[in-house]
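Chemist: Got a structure for you, questions after.
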Amino acid sequence: MALFGTNGVRGIANEYLNPELAVNLARSLGTYMGSKGTVAIGCDTRISGQMLKSAAIAGALSTGLNVIDVGIVPTPSIQYYVRDYADAGIVITASHNPREYNGIKFIAGDGSEFPRDGEKEIEKIYYSGKYALVSWEKTGSFKTDPGVNEYYLKNVINSVDAEIIRNRRFKVVIDTGCGAGSLTLPFLLSELGCQVLTLGAQPDGTFPWRNPEPAPEALTELSKLVKMTGADMGAAHDGDADRIVFIDENGEFINEEILLAMMAKYILENEKGPIVTPVSSSQRMADVAKDAGVELYWTAVGSINVARKMMEVNAVFGGEGNGGLIFPRHQYCRDGAVACAKILEILAGGKKLSELAKSVPEYFNAKTKVPSEDTQATMERVKLEASELGLKIDTLDGIKILYEDGWVLIRPSGTEPIIRIFAEAKKQERAEELMQEGVNMVIGAEKASILE
Ligand code: MG
């Protein structure tokens, strides 16, 4: 069984994701690192965080790694710290997953997400059970560093024009959902001279306020409060604050694909260079790149693929259409706090958030999923049929069929027996039509596989 999913190892805390797993994963990391180096270990606000973090610390020490316990931290905060002060990192987080979950994610020495081949090696060590345990006198050293979030925030502020933001004295309502961002976002905004109103800003692993996923339907109170108080905007993090979403001054949720393109447009107005996004992202990104006269690189889905490509092509910006934005001048990983500071920097230019959202091209989407007995065989057939029909396809991740006036992406789920179909076009009816064409192809391929 594959241990690592798209975002580390995830499971229900103290069931699948228990202390034994945490000890042994940390031992696997220590073995992989040759029992040398320093690892920073932190967690989000989940109740099981302390338990799993303690286990991971014990595991790392037992293989001779030196450990710095960084306490409760947003994922981008520990990533920034690892880049500057450690050789690797472990963060105990299940990001946006429901309360009962937790996860273990490794961070590479440069602060980016751990490479897939590294995870595979660690998985091998884990299943072999052969850990490089050291003798008593070589067990690692331990210290805590309570200043990690402060260090991170200082650097977030340095990555934007703080003066022009402070001069505007913005009023911002935030909903950090009782997650790790509760320890950073309110302080960041205060430092940037904002009047801050908070919802769910007490760190609390029972998540009494809302689920860690900042979905529009979970943010109705935030939206109301933005309108009621005449705030300039609202902002909400997921559980580990690598992602952020925004509410405009009218209380309207900003679609994350629009946010991504809006940010790309702004960055490109100030700096020219390539941008990077996964194949699932909106055509808006291509339009923005074309207007700016820069190259756009598409990647497979997953922020690590985006980040690695960004390093390779020296991109000026990249990100996914889920509120995960990457600012390489700060660091090569999704960073919700920088995204928030950047949005304020844009607003300092005088436009309202709703106006900015309207400044990127309009597209419409439609999505659905189809059950599949054998996703791999079905995908092969879909690919065959698409090429027989002479359709223009991109197979970077799943099958993306490109039409003159839109596209449809057909991708198997990594965890369930379903195939996802996602379409985009300039008109809503056309997006639905393209989605239906995708559905028909998948169902046709499914039937053909059964007849075989
Ligand atoms: Mg997250």
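Just remember, in the structure tokens the first chain shown is A, the second B, etc., residues are 1-based per chain, and ligands are 1-based in the order shown.
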Residues up to 6 Å from ligand 1, counting only C-alpha atoms and all ligand atoms: could you list those as a PyMOL selection string?
Modeler: chain A and resi 95-96+238+240-243
Chemist: For the selection you just gave me, I'd like the residues written to a file as a PDB file, in the first residue's frame, keeping all heavy atoms.
Modeler:
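After the write, selection.pdb holds the following:
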```pdb
ATOM      1  N   SER A  95      -4.099  19.490   6.967  1.00  0.00           N
ATOM      2  CA  SER A  95      -4.529  20.611   6.123  1.00  0.00           C
ATOM      3  C   SER A  95      -6.021  20.925   6.254  1.00  0.00           C
ATOM      4  O   SER A  95      -6.456  21.339   7.306  1.00  0.00           O
ATOM      5  CB  SER A  95      -4.140  20.311   4.670  1.00  0.00           C
ATOM      6  OG  SER A  95      -4.407  21.399   3.849  1.00  0.00           O
ATOM      7  N   HIS A  96      -6.791  20.688   5.210  1.00  0.00           N
ATOM      8  CA  HIS A  96      -8.216  21.049   5.199  1.00  0.00           C
ATOM      9  C   HIS A  96      -9.136  19.893   5.598  1.00  0.00           C
ATOM     10  O   HIS A  96     -10.347  20.058   5.651  1.00  0.00           O
ATOM     11  CB  HIS A  96      -8.605  21.515   3.794  1.00  0.00           C
ATOM     12  CG  HIS A  96      -8.422  20.430   2.778  1.00  0.00           C
ATOM     13  ND1 HIS A  96      -7.196  20.164   2.205  1.00  0.00           N
ATOM     14  CD2 HIS A  96      -9.283  19.521   2.287  1.00  0.00           C
ATOM     15  CE1 HIS A  96      -7.336  19.139   1.385  1.00  0.00           C
ATOM     16  NE2 HIS A  96      -8.577  18.719   1.419  1.00  0.00           N
ATOM     17  N   ASP A 238      -7.177  27.686   5.294  1.00  0.00           N
ATOM     18  CA  ASP A 238      -7.464  26.287   5.607  1.00  0.00           C
ATOM     19  C   ASP A 238      -6.723  25.954   6.924  1.00  0.00           C
ATOM     20  O   ASP A 238      -6.126  26.844   7.534  1.00  0.00           O
ATOM     21  CB  ASP A 238      -7.058  25.357   4.442  1.00  0.00           C
ATOM     22  CG  ASP A 238      -5.553  25.217   4.289  1.00  0.00           C
ATOM     23  OD1 ASP A 238      -4.836  26.151   4.672  1.00  0.00           O
ATOM     24  OD2 ASP A 238      -5.101  24.167   3.786  1.00  0.00           O
ATOM     25  N   ASP A 240      -3.942  24.536   7.876  1.00  0.00           N
ATOM     26  CA  ASP A 240      -2.505  24.760   8.067  1.00  0.00           C
ATOM     27  C   ASP A 240      -2.022  26.023   7.366  1.00  0.00           C
ATOM     28  O   ASP A 240      -0.806  26.242   7.251  1.00  0.00           O
ATOM     29  CB  ASP A 240      -1.700  23.532   7.642  1.00  0.00           C
ATOM     30  CG  ASP A 240      -1.788  23.259   6.153  1.00  0.00           C
ATOM     31  OD1 ASP A 240      -2.824  23.610   5.545  1.00  0.00           O
ATOM     32  OD2 ASP A 240      -0.833  22.713   5.586  1.00  0.00           O
ATOM     33  N   ALA A 241      -2.973  26.822   6.879  1.00  0.00           N
ATOM     34  CA  ALA A 241      -2.680  28.180   6.385  1.00  0.00           C
ATOM     35  C   ALA A 241      -1.714  28.252   5.209  1.00  0.00           C
ATOM     36  O   ALA A 241      -1.050  29.266   5.016  1.00  0.00           O
ATOM     37  CB  ALA A 241      -2.182  29.062   7.538  1.00  0.00           C
ATOM     38  N   ASP A 242      -1.623  27.188   4.430  1.00  0.00           N
ATOM     39  CA  ASP A 242      -0.866  27.343   3.177  1.00  0.00           C
ATOM     40  C   ASP A 242      -1.801  27.878   2.093  1.00  0.00           C
ATOM     41  O   ASP A 242      -1.367  28.443   1.109  1.00  0.00           O
ATOM     42  CB  ASP A 242      -0.173  26.041   2.734  1.00  0.00           C
ATOM     43  CG  ASP A 242      -1.113  24.867   2.586  1.00  0.00           C
ATOM     44  OD1 ASP A 242      -2.270  24.944   3.060  1.00  0.00           O
ATOM     45  OD2 ASP A 242      -0.694  23.854   2.003  1.00  0.00           O
ATOM     46  N   ARG A 243      -3.100  27.699   2.317  1.00  0.00           N
ATOM     47  CA  ARG A 243      -4.071  28.230   1.364  1.00  0.00           C
ATOM     48  C   ARG A 243      -4.864  29.369   1.998  1.00  0.00           C
ATOM     49  O   ARG A 243      -5.032  29.427   3.221  1.00  0.00           O
ATOM     50  CB  ARG A 243      -5.032  27.127   0.926  1.00  0.00           C
ATOM     51  CG  ARG A 243      -4.354  26.062   0.093  1.00  0.00           C
ATOM     52  CD  ARG A 243      -5.355  25.225  -0.650  1.00  0.00           C
ATOM     53  NE  ARG A 243      -6.093  24.308   0.188  1.00  0.00           N
ATOM     54  CZ  ARG A 243      -7.435  24.181   0.182  1.00  0.00           C
ATOM     55  NH1 ARG A 243      -8.186  24.925  -0.601  1.00  0.00           N
ATOM     56  NH2 ARG A 243      -8.013  23.308   0.960  1.00  0.00           N
TER      57      ARG A 243
END
```
Chemist: Env of Gly140 of chain A: 6 Å cut, atoms = only C-alpha atoms, seq-sep filter 3 positions within chain, self excluded. Answer as an MDAnalysis selection string.
Modeler: chainID A and resid 61 64:66
Chemist: Report the distance between atom CA of Ala215 of chain A and atom CA of Ile267 of chain A in Å, rounded to one decimal place.
Modeler: 25.6 Å
Chemist: What residues in segment 335-397 of chain A get the DSSP label helix (DSSP H, G or I)? Please answer as a ChimeraX atom specification.
Modeler: /A:336-347,353-358,375-388
Chemist: In terms of the shortest atom-to-atom distance over only C-alpha atoms, which of A:Ser190, A:Thr299, A:Ser141, A:Thr45 is closest to Phe207 of chain A?
Modeler: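 Looking at the shortest contact to Phe207 of chain A, the residue is A:Thr45.
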Chemist: Grab the atom CA of Gly321 of chain A to atom CA of Leu259 of chain A distance for me, in Å with one decimal place.
Modeler: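 Atom-to-atom, atom CA of Gly321 of chain A and atom CA of Leu259 of chain A are spaced 7.8 Å apart.
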Chemist: Considering only C-alpha atoms, can you say which of A:Leu185, A:Val279, A:Leu391, A:Val306 comes closest to Leu409 of chain A?
Modeler: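 Selected residue with least distance to Leu409 of chain A: A:Val279.
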Chemist: Which residue is closest to Phe187 of chain A? Choose from A:Ala341, A:Val408, A:Ala357, A:Val245 and count only C-alpha atoms.
Modeler: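 That would be A:Ala341, the residue with the smallest distance to Phe187 of chain A.
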Chemist: Determine, counting only C-alpha atoms, which protein, DNA and RNA residues have an atom within 12 Å of an atom of Glu221 of chain A; residues of the same chain fewer than 4 positions away are not included. Present the result as a list in words.
Modeler: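 In the requested format, the answer is Val173, Ile174, Asp175, Gly177, Thr198, Leu199, Gly200, Trp209, Arg210, Pro214, Pro216, Glu217, Leu225, Val226, Lys227, Met228, Gly234, Ala235, Ala236, Ile247, Gly251, Glu252 and Phe253 of chain A.
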Chemist: Write out as a VMD selection string the residues lying within 8 Å of Val9 of chain A, counting only C-alpha atoms and excluding same-chain residues fewer than 6 positions away.
Modeler: chain A and resid 3 103 to 105
Chemist: Identify all residues of segment 81-281 of chain A in strand (DSSP E) (DSSP on the backbone) and supply them as an MDAnalysis selection string.
Modeler: chainID A and resid 88:92 101:107 142:144 171:175 195:199 233:237 244:247 275:278
Chemist: Smallest atom-to-atom distance to Ala60 of chain A: which of A:Ser128, A:Thr31, A:Asn97, A:Thr375, using only C-alpha atoms?
Modeler: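 Using only C-alpha atoms, Ala60 of chain A sits closest to A:Thr31.
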Chemist: Of the candidates A:Gly5, A:Pro278, A:Pro19, A:Pro212, which shows the shortest atom-to-atom distance to Lys400 of chain A, using only C-alpha atoms?
Modeler: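 Checking each of A:Gly5, A:Pro278, A:Pro19, A:Pro212 against Lys400 of chain A, counting only C-alpha atoms, the winner is A:Pro278.
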Chemist: Do a neighbour search on Ile68 of chain A at 12 Å with only C-alpha atoms, toss out local chain neighbours closer than 6 positions, and write the hits as a PyMOL selection string.
Modeler: chain A and resi 37-42+53-54+56-58+60-61+78+81-82+85-91+140-148
Chemist: Deliver the residues from the most recent selection as a file, using N, CA, C and O atoms, as a compact mmCIF listing (two decimals), in the first residue's frame.
Modeler:
```txt
# COMPACT_ATOMS: atom_id res chain seq x y z
N GLY A 37 22.14 15.32 10.52
CA GLY A 37 21.42 16.56 10.22
C GLY A 37 20.40 16.92 11.28
O GLY A 37 20.20 16.23 12.28
N THR A 38 19.76 18.07 11.01
CA THR A 38 18.79 18.63 11.94
C THR A 38 17.42 18.65 11.28
O THR A 38 17.29 19.06 10.13
N VAL A 39 16.42 18.22 12.03
CA VAL A 39 15.06 18.24 11.50
C VAL A 39 14.18 19.11 12.41
O VAL A 39 14.23 19.00 13.64
N ALA A 40 13.43 20.03 11.78
CA ALA A 40 12.47 20.85 12.52
C ALA A 40 11.14 20.12 12.51
O ALA A 40 10.72 19.61 11.47
N ILE A 41 10.47 20.03 13.66
CA ILE A 41 9.20 19.31 13.73
C ILE A 41 8.13 20.20 14.37
O ILE A 41 8.34 20.78 15.44
N GLY A 42 7.00 20.34 13.67
CA GLY A 42 5.92 21.18 14.17
C GLY A 42 4.56 20.57 13.86
O GLY A 42 4.48 19.52 13.20
N LYS A 53 3.38 14.63 17.24
CA LYS A 53 4.64 15.37 17.16
C LYS A 53 5.66 14.74 18.13
O LYS A 53 6.82 14.53 17.77
N SER A 54 5.21 14.43 19.34
CA SER A 54 6.11 13.82 20.33
C SER A 54 6.66 12.50 19.81
O SER A 54 7.84 12.19 19.97
N ALA A 56 6.97 11.62 16.63
CA ALA A 56 7.89 11.90 15.52
C ALA A 56 9.24 12.37 16.06
O ALA A 56 10.30 11.98 15.55
N ILE A 57 9.20 13.17 17.12
CA ILE A 57 10.45 13.66 17.73
C ILE A 57 11.26 12.47 18.25
O ILE A 57 12.45 12.34 17.98
N ALA A 58 10.58 11.57 18.97
CA ALA A 58 11.26 10.39 19.52
C ALA A 58 11.88 9.56 18.39
O ALA A 58 13.04 9.12 18.48
N ALA A 60 12.80 10.50 15.36
CA ALA A 60 13.94 11.19 14.73
C ALA A 60 15.17 11.11 15.63
O ALA A 60 16.27 10.79 15.16
N LEU A 61 14.99 11.35 16.91
CA LEU A 61 16.12 11.31 17.85
C LEU A 61 16.76 9.93 17.90
O LEU A 61 17.97 9.79 18.00
N ILE A 78 6.84 26.74 8.95
CA ILE A 78 7.91 25.76 9.20
C ILE A 78 8.73 25.56 7.92
O ILE A 78 9.95 25.38 7.98
N TYR A 81 11.32 28.22 7.83
CA TYR A 81 12.32 27.97 8.88
C TYR A 81 13.28 26.86 8.47
O TYR A 81 14.49 26.98 8.64
N VAL A 82 12.72 25.80 7.89
CA VAL A 82 13.57 24.67 7.45
C VAL A 82 14.57 25.17 6.41
O VAL A 82 15.76 24.83 6.46
N TYR A 85 17.19 27.10 8.54
CA TYR A 85 17.82 26.58 9.77
C TYR A 85 17.87 25.07 9.93
O TYR A 85 18.37 24.59 10.94
N ALA A 86 17.33 24.29 9.01
CA ALA A 86 17.33 22.84 9.22
C ALA A 86 17.61 22.10 7.91
O ALA A 86 17.63 22.71 6.84
N ASP A 87 17.82 20.80 8.02
CA ASP A 87 18.11 19.99 6.84
C ASP A 87 16.86 19.28 6.32
O ASP A 87 16.86 18.72 5.23
N ALA A 88 15.82 19.27 7.14
CA ALA A 88 14.55 18.67 6.74
C ALA A 88 13.50 19.11 7.75
O ALA A 88 13.84 19.69 8.79
N GLY A 89 12.25 18.84 7.44
CA GLY A 89 11.19 19.18 8.38
C GLY A 89 10.12 18.12 8.39
O GLY A 89 9.97 17.33 7.44
N ILE A 90 9.41 18.04 9.51
CA ILE A 90 8.22 17.18 9.59
C ILE A 90 7.09 18.06 10.12
O ILE A 90 7.25 18.71 11.17
N VAL A 91 5.98 18.11 9.39
CA VAL A 91 4.85 18.86 9.90
C VAL A 91 3.66 17.91 10.07
O VAL A 91 3.36 17.11 9.19
N GLY A 140 20.03 11.86 19.09
CA GLY A 140 20.12 13.27 18.71
C GLY A 140 19.93 14.26 19.84
O GLY A 140 19.45 13.91 20.93
N SER A 141 20.29 15.51 19.56
CA SER A 141 20.07 16.57 20.54
C SER A 141 18.69 17.18 20.33
O SER A 141 18.11 17.05 19.25
N PHE A 142 18.17 17.83 21.35
CA PHE A 142 16.81 18.38 21.26
C PHE A 142 16.77 19.81 21.77
O PHE A 142 17.36 20.13 22.80
N LYS A 143 16.09 20.67 21.02
CA LYS A 143 15.79 22.00 21.55
C LYS A 143 14.46 22.50 20.98
O LYS A 143 13.95 21.93 20.01
N THR A 144 13.93 23.52 21.61
CA THR A 144 12.70 24.11 21.08
C THR A 144 13.05 25.48 20.52
O THR A 144 14.04 26.09 20.92
N ASP A 145 12.26 25.95 19.59
CA ASP A 145 12.41 27.32 19.09
C ASP A 145 11.04 27.96 19.03
O ASP A 145 10.25 27.66 18.13
N PRO A 146 10.72 28.81 19.99
CA PRO A 146 9.38 29.41 20.01
C PRO A 146 9.26 30.61 19.06
O PRO A 146 8.18 31.17 18.93
N GLY A 147 10.33 30.95 18.37
CA GLY A 147 10.30 32.18 17.56
C GLY A 147 10.04 31.97 16.07
O GLY A 147 10.24 32.87 15.26
N VAL A 148 9.58 30.77 15.72
CA VAL A 148 9.48 30.43 14.29
C VAL A 148 8.43 31.27 13.56
O VAL A 148 8.69 31.80 12.47
```
Chemist: If I take atom CA of Pro417 of chain A and atom CA of Ala2 of chain A, how far is one from the other in Å, to one decimal?
Modeler: 15.9 Å
